Structures are given as C-alpha cells and as structure tokens.
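Dumped input_9.json below, it's JSON, C-alpha atoms:
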```
[["chain", "number", "residue", "atom", "x", "y", "z"],
["X", 522, "ARG", "CA", 0.00, 0.00, 0.00],
["X", 523, "TRP", "CA", 2.78, 2.43, 0.92],
["X", 524, "ALA", "CA", 4.80, 1.51, -2.18],
["X", 525, "ALA", "CA", 1.76, 2.27, -4.32],
["X", 526, "ARG", "CA", 1.32, 5.63, -2.57],
["X", 527, "VAL", "CA", 4.96, 6.54, -3.17],
["X", 528, "ALA", "CA", 4.74, 5.45, -6.81],
["X", 529, "ARG", "CA", 1.72, 7.70, -7.39],
["X", 530, "ILE", "CA", 3.48, 10.68, -5.82],
["X", 531, "ASP", "CA", 6.97, 10.29, -7.29],
["X", 532, "ALA", "CA", 6.52, 8.64, -10.69],
["X", 533, "ALA", "CA", 5.49, 10.54, -13.76],
["X", 534, "PRO", "CA", 2.36, 9.02, -15.37],
["X", 535, "GLU", "CA", 4.35, 7.78, -18.36],
["X", 536, "ARG", "CA", 7.15, 6.27, -16.26],
["X", 537, "ILE", "CA", 7.35, 2.91, -14.57],
["X", 538, "GLY", "CA", 8.76, 3.30, -11.07],
["X", 539, "ASN", "CA", 11.62, 1.31, -9.62],
["X", 540, "PHE", "CA", 10.07, -1.10, -7.13],
["X", 541, "ASP", "CA", 13.19, -1.35, -4.95],
["X", 542, "ALA", "CA", 13.39, 2.41, -4.50],
["X", 543, "GLN", "CA", 9.64, 2.65, -3.94],
["X", 544, "ALA", "CA", 9.68, -0.16, -1.38],
["X", 545, "LEU", "CA", 12.52, 1.53, 0.50],
["X", 546, "GLU", "CA", 10.77, 4.89, 0.48],
["X", 547, "ALA", "CA", 7.50, 3.28, 1.55],
["X", 548, "TRP", "CA", 9.16, 1.40, 4.38],
["X", 549, "THR", "CA", 11.06, 4.41, 5.67],
["X", 550, "ALA", "CA", 7.98, 6.64, 5.26],
["X", 551, "ALA", "CA", 6.11, 4.15, 7.44],
["X", 552, "LEU", "CA", 8.86, 4.41, 10.04],
["X", 553, "ASP", "CA", 8.67, 8.19, 9.88],
["X", 554, "ASP", "CA", 4.88, 8.08, 10.34],
["X", 555, "ASN", "CA", 5.06, 5.67, 13.25],
["X", 556, "LEU", "CA", 7.83, 7.54, 15.05],
["X", 557, "GLY", "CA", 6.26, 10.95, 14.53],
["X", 558, "THR", "CA", 9.69, 12.15, 13.44],
["X", 559, "SER", "CA", 12.34, 11.17, 10.91],
["X", 560, "ALA", "CA", 13.55, 7.57, 11.22],
["X", 561, "THR", "CA", 17.06, 8.99, 10.82],
["X", 562, "ALA", "CA", 16.72, 11.93, 13.21],
["X", 563, "ALA", "CA", 19.87, 11.24, 15.25],
["X", 564, "VAL", "CA", 22.06, 10.78, 12.17],
["X", 565, "ASP", "CA", 20.53, 13.88, 10.59],
["X", 566, "LEU", "CA", 21.62, 15.87, 13.65],
["X", 567, "LEU", "CA", 25.18, 14.53, 13.31],
["X", 568, "ALA", "CA", 25.29, 15.30, 9.58],
["X", 569, "THR", "CA", 24.13, 18.85, 10.27],
["X", 570, "HIS", "CA", 26.79, 19.24, 12.96],
["X", 571, "ASP", "CA", 29.43, 17.94, 10.52],
["X", 572, "ARG", "CA", 28.38, 20.46, 7.87],
["X", 573, "LEU", "CA", 28.31, 23.40, 10.28],
["X", 574, "HIS", "CA", 31.51, 22.62, 12.17],
["X", 575, "GLY", "CA", 33.63, 20.69, 9.68],
["X", 576, "SER", "CA", 33.64, 17.68, 12.00],
["X", 577, "GLU", "CA", 33.55, 14.02, 11.05],
["X", 578, "LEU", "CA", 31.09, 12.62, 13.55],
["X", 579, "VAL", "CA", 29.08, 10.55, 11.03],
["X", 580, "GLU", "CA", 32.27, 8.84, 9.87],
["X", 581, "THR", "CA", 33.44, 8.40, 13.47],
["X", 582, "LEU", "CA", 30.14, 6.79, 14.40],
["X", 583, "TRP", "CA", 30.19, 4.50, 11.37],
["X", 584, "VAL", "CA", 33.74, 3.32, 12.02],
["X", 585, "PHE", "CA", 32.98, 2.83, 15.72],
["X", 586, "LEU", "CA", 29.90, 0.75, 14.94],
["X", 587, "THR", "CA", 31.70, -1.43, 12.40],
["X", 588, "SER", "CA", 34.81, -2.04, 14.49],
["X", 589, "ARG", "CA", 35.45, -4.94, 16.84],
["X", 590, "HIS", "CA", 36.31, -2.65, 19.72],
["X", 591, "ALA", "CA", 37.08, 0.99, 20.47],
["X", 592, "GLN", "CA", 40.84, 0.61, 20.10],
["X", 593, "ASP", "CA", 40.31, -0.83, 16.61],
["X", 594, "ALA", "CA", 38.05, 2.12, 15.72],
["X", 595, "ALA", "CA", 40.61, 4.61, 17.00],
["X", 596, "GLY", "CA", 43.29, 2.96, 14.86],
["X", 597, "ARG", "CA", 41.11, 2.97, 11.74],
["X", 598, "LEU", "CA", 40.40, 6.67, 12.28],
["X", 599, "TYR", "CA", 44.05, 7.49, 13.11],
["X", 600, "LEU", "CA", 42.94, 8.91, 16.47],
["X", 601, "HIS", "CA", 44.14, 8.57, 20.04],
["X", 602, "ARG", "CA", 41.64, 6.55, 22.09],
["X", 603, "ASN", "CA", 40.88, 9.63, 24.22],
["X", 604, "THR", "CA", 40.00, 11.60, 21.09],
["X", 605, "LEU", "CA", 37.65, 8.81, 20.05],
["X", 606, "ARG", "CA", 36.11, 8.82, 23.53],
["X", 607, "TYR", "CA", 35.62, 12.61, 23.27],
["X", 608, "ARG", "CA", 33.91, 12.23, 19.88],
["X", 609, "MET", "CA", 31.66, 9.44, 21.16],
["X", 610, "ASP", "CA", 30.67, 11.63, 24.12],
["X", 611, "LEU", "CA", 29.91, 14.47, 21.69],
["X", 612, "ILE", "CA", 27.79, 12.12, 19.54],
["X", 613, "LYS", "CA", 25.86, 11.14, 22.68],
["X", 614, "LYS", "CA", 25.39, 14.81, 23.64],
["X", 615, "ILE", "CA", 24.10, 15.73, 20.15],
["X", 616, "THR", "CA", 21.85, 12.72, 19.53],
["X", 617, "GLY", "CA", 20.89, 11.65, 23.04],
["X", 618, "LEU", "CA", 21.98, 8.11, 22.09],
["X", 619, "ASP", "CA", 25.05, 6.30, 23.36],
["X", 620, "ALA", "CA", 26.61, 3.97, 20.77],
["X", 621, "ARG", "CA", 28.32, 2.12, 23.62],
["X", 622, "GLU", "CA", 24.93, 0.87, 24.88],
["X", 623, "PRO", "CA", 23.68, -2.22, 22.96],
["X", 624, "ASN", "CA", 20.09, -1.11, 22.19],
["X", 625, "GLU", "CA", 21.12, 2.42, 21.28],
["X", 626, "ARG", "CA", 23.98, 1.04, 19.19],
["X", 627, "VAL", "CA", 21.52, -0.94, 17.06],
["X", 628, "MET", "CA", 19.28, 2.09, 16.68],
["X", 629, "LEU", "CA", 22.18, 4.27, 15.51],
["X", 630, "HIS", "CA", 23.41, 1.57, 13.13],
["X", 631, "LEU", "CA", 19.98, 1.27, 11.53],
["X", 632, "GLN", "CA", 19.69, 5.04, 11.25],
["X", 633, "LEU", "CA", 23.07, 5.24, 9.52],
["X", 634, "ARG", "CA", 22.06, 2.56, 7.02],
["X", 635, "LEU", "CA", 18.72, 4.26, 6.33],
["X", 636, "ALA", "CA", 20.33, 7.67, 5.93],
["X", 637, "ALA", "CA", 22.84, 6.21, 3.47],
["X", 638, "LEU", "CA", 20.06, 4.52, 1.49],
["X", 639, "ARG", "CA", 18.08, 7.74, 1.43],
["X", 640, "GLY", "CA", 21.17, 9.66, 0.32],
["X", 641, "THR", "CA", 21.05, 12.10, 3.24],
["X", 642, "ILE", "CA", 24.61, 11.26, 4.31],
["X", 643, "ALA", "CA", 27.72, 10.60, 2.30],
["X", 644, "THR", "CA", 28.26, 6.88, 1.81],
["X", 645, "LYS", "CA", 32.05, 7.07, 1.54],
["X", 646, "PRO", "CA", 32.72, 5.96, 5.14],
["X", 647, "ILE", "CA", 30.18, 3.18, 4.77],
["X", 648, "GLU", "CA", 31.68, 1.88, 1.54],
["X", 649, "GLU", "CA", 35.22, 2.01, 2.94],
["X", 650, "ALA", "CA", 34.23, 0.08, 6.06],
["X", 651, "ARG", "CA", 32.97, -2.91, 4.08]]
```
Rendering of file as structure tokens:
Amino acid sequence: RWAARVARIDAAPERIGNFDAQALEAWTAALDDNLGTSATAAVDLLATHDRLHGSELVETLWVFLTSRHAQDAAGRLYLHRNTLRYRMDLIKKITGLDAREPNERVMLHLQLRLAALRGTIATKPIEEAR
C-alpha cells in the first residue's frame, strides 16, 4: 500500500517506477509516520553538525559501529583513544543516544544505514568500512 502511494506521488504518469526504490521509500515513510519524526533523526543531527563545524562525527560513528572494539576504531580513524572517547561523548550529547549501549547502538546503526540509502549522508565511510 505504501509503495503504491509513493509510486503515485513520485513517478510521472508515463514512467514505470523502480520497485526497490519505492519499497525503500515506503518502508522508511512508514517508520517516519510511526515515530512521529524522521527515522534517521539522530544521524541527521550529526550530519548537520558535521556540515556546520567541519567535524567528522558521522564517519566516526560509522567506524565505531563497524569495528570490533574501540581501540580498533581509533586505529582505523588514526585517532588517540581519548579523542575517540571525546567524539563518542559528543555524539551522545548531540543525539541523546550512546553507541556504547547495545540497544542504542543498534538504533544508531539502523539510522546510519537508512540515511545512506536515502542519500542524506555521504556513503564514503560506509563503503570504505565494508
């Protein structure tokens, strides 16, 4: 139902829509509706902070979430572990979510993936981490 709604809104009458893109948009639109806010709200805040301050918090979060442990993340980012800890504290302050807590970690990871699929964040850090 949501995919059909998205197709009617986004597709020109003479064009056949891409089902994968429509399904993604429908699914994330459903999340947005159910949450009463954007399904990627925390990551959107980080991306805005990065743009305004020239920081790399989205990349830091992505590397942290895809690393085996904090020391590994610090090494991949070429940071001292205290600098990584500072950035993770800043991410928590901005988003209200702590990536070091299991449930919040999953939520942030899903938001990063959704934001990348939507194209609202650069996918370079995500592609490099694979």
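Atom pair atom CA of X:Glu625 / atom CA of X:Trp583 has a distance of 13.6 Å (rounded to one decimal).
Our summary of the geometry notes that atom CA of X:Leu611 is positioned 8.4 Å from atom CA of X:Leu578.
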_Neighbour residues at most 7 Å from (29.5, 17.4, 17.6) (all atoms listed in the file) as a ChimeraX atom specification_ = /X:567,570,576,578,611-612,615
Using all atoms listed in the file, determine which residues lie at most 12 Å from X:Phe585, disregarding the query and same-chain residues fewer than 5 positions distant; provide the list as a list in words. Leu578, Val579, Glu580, His590, Ala591, Gln592, Asp593, Ala594, Ala595, Gly596, Arg597, Leu598, Leu600, Arg602, Leu605, Arg606, Arg608, Met609, Ile612, Asp619, Ala620, Arg621, Arg626, Leu629, His630, Leu633, Pro646, Ile647 and Ala650 of chain X
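Take the candidates X:Thr569, X:Tyr599, X:Ala562, X:Leu618 and check each one against X:Val584 using all atoms listed in the file; the shortest distance goes to X:Tyr599.
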Students should find that atom CA of X:His574 and atom CA of X:Arg589 are spaced 28.2 Å
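Near (21.3, 11.2, 10.2), the residues that fall inside 8 Å on the basis of all atoms listed in the file are Thr561, Ala562, Ala563, Val564, Asp565, Leu566, Leu567, Ala568, Val579, Gln632, Leu633, Ala636, Thr641 and Ile642 of chain X.
Residue nearest X:Glu577 within the list X:Ala560, X:Ala643, X:Val627, X:Leu638: X:Ala643 [criterion: smallest interatomic distance, all atoms listed in the file].
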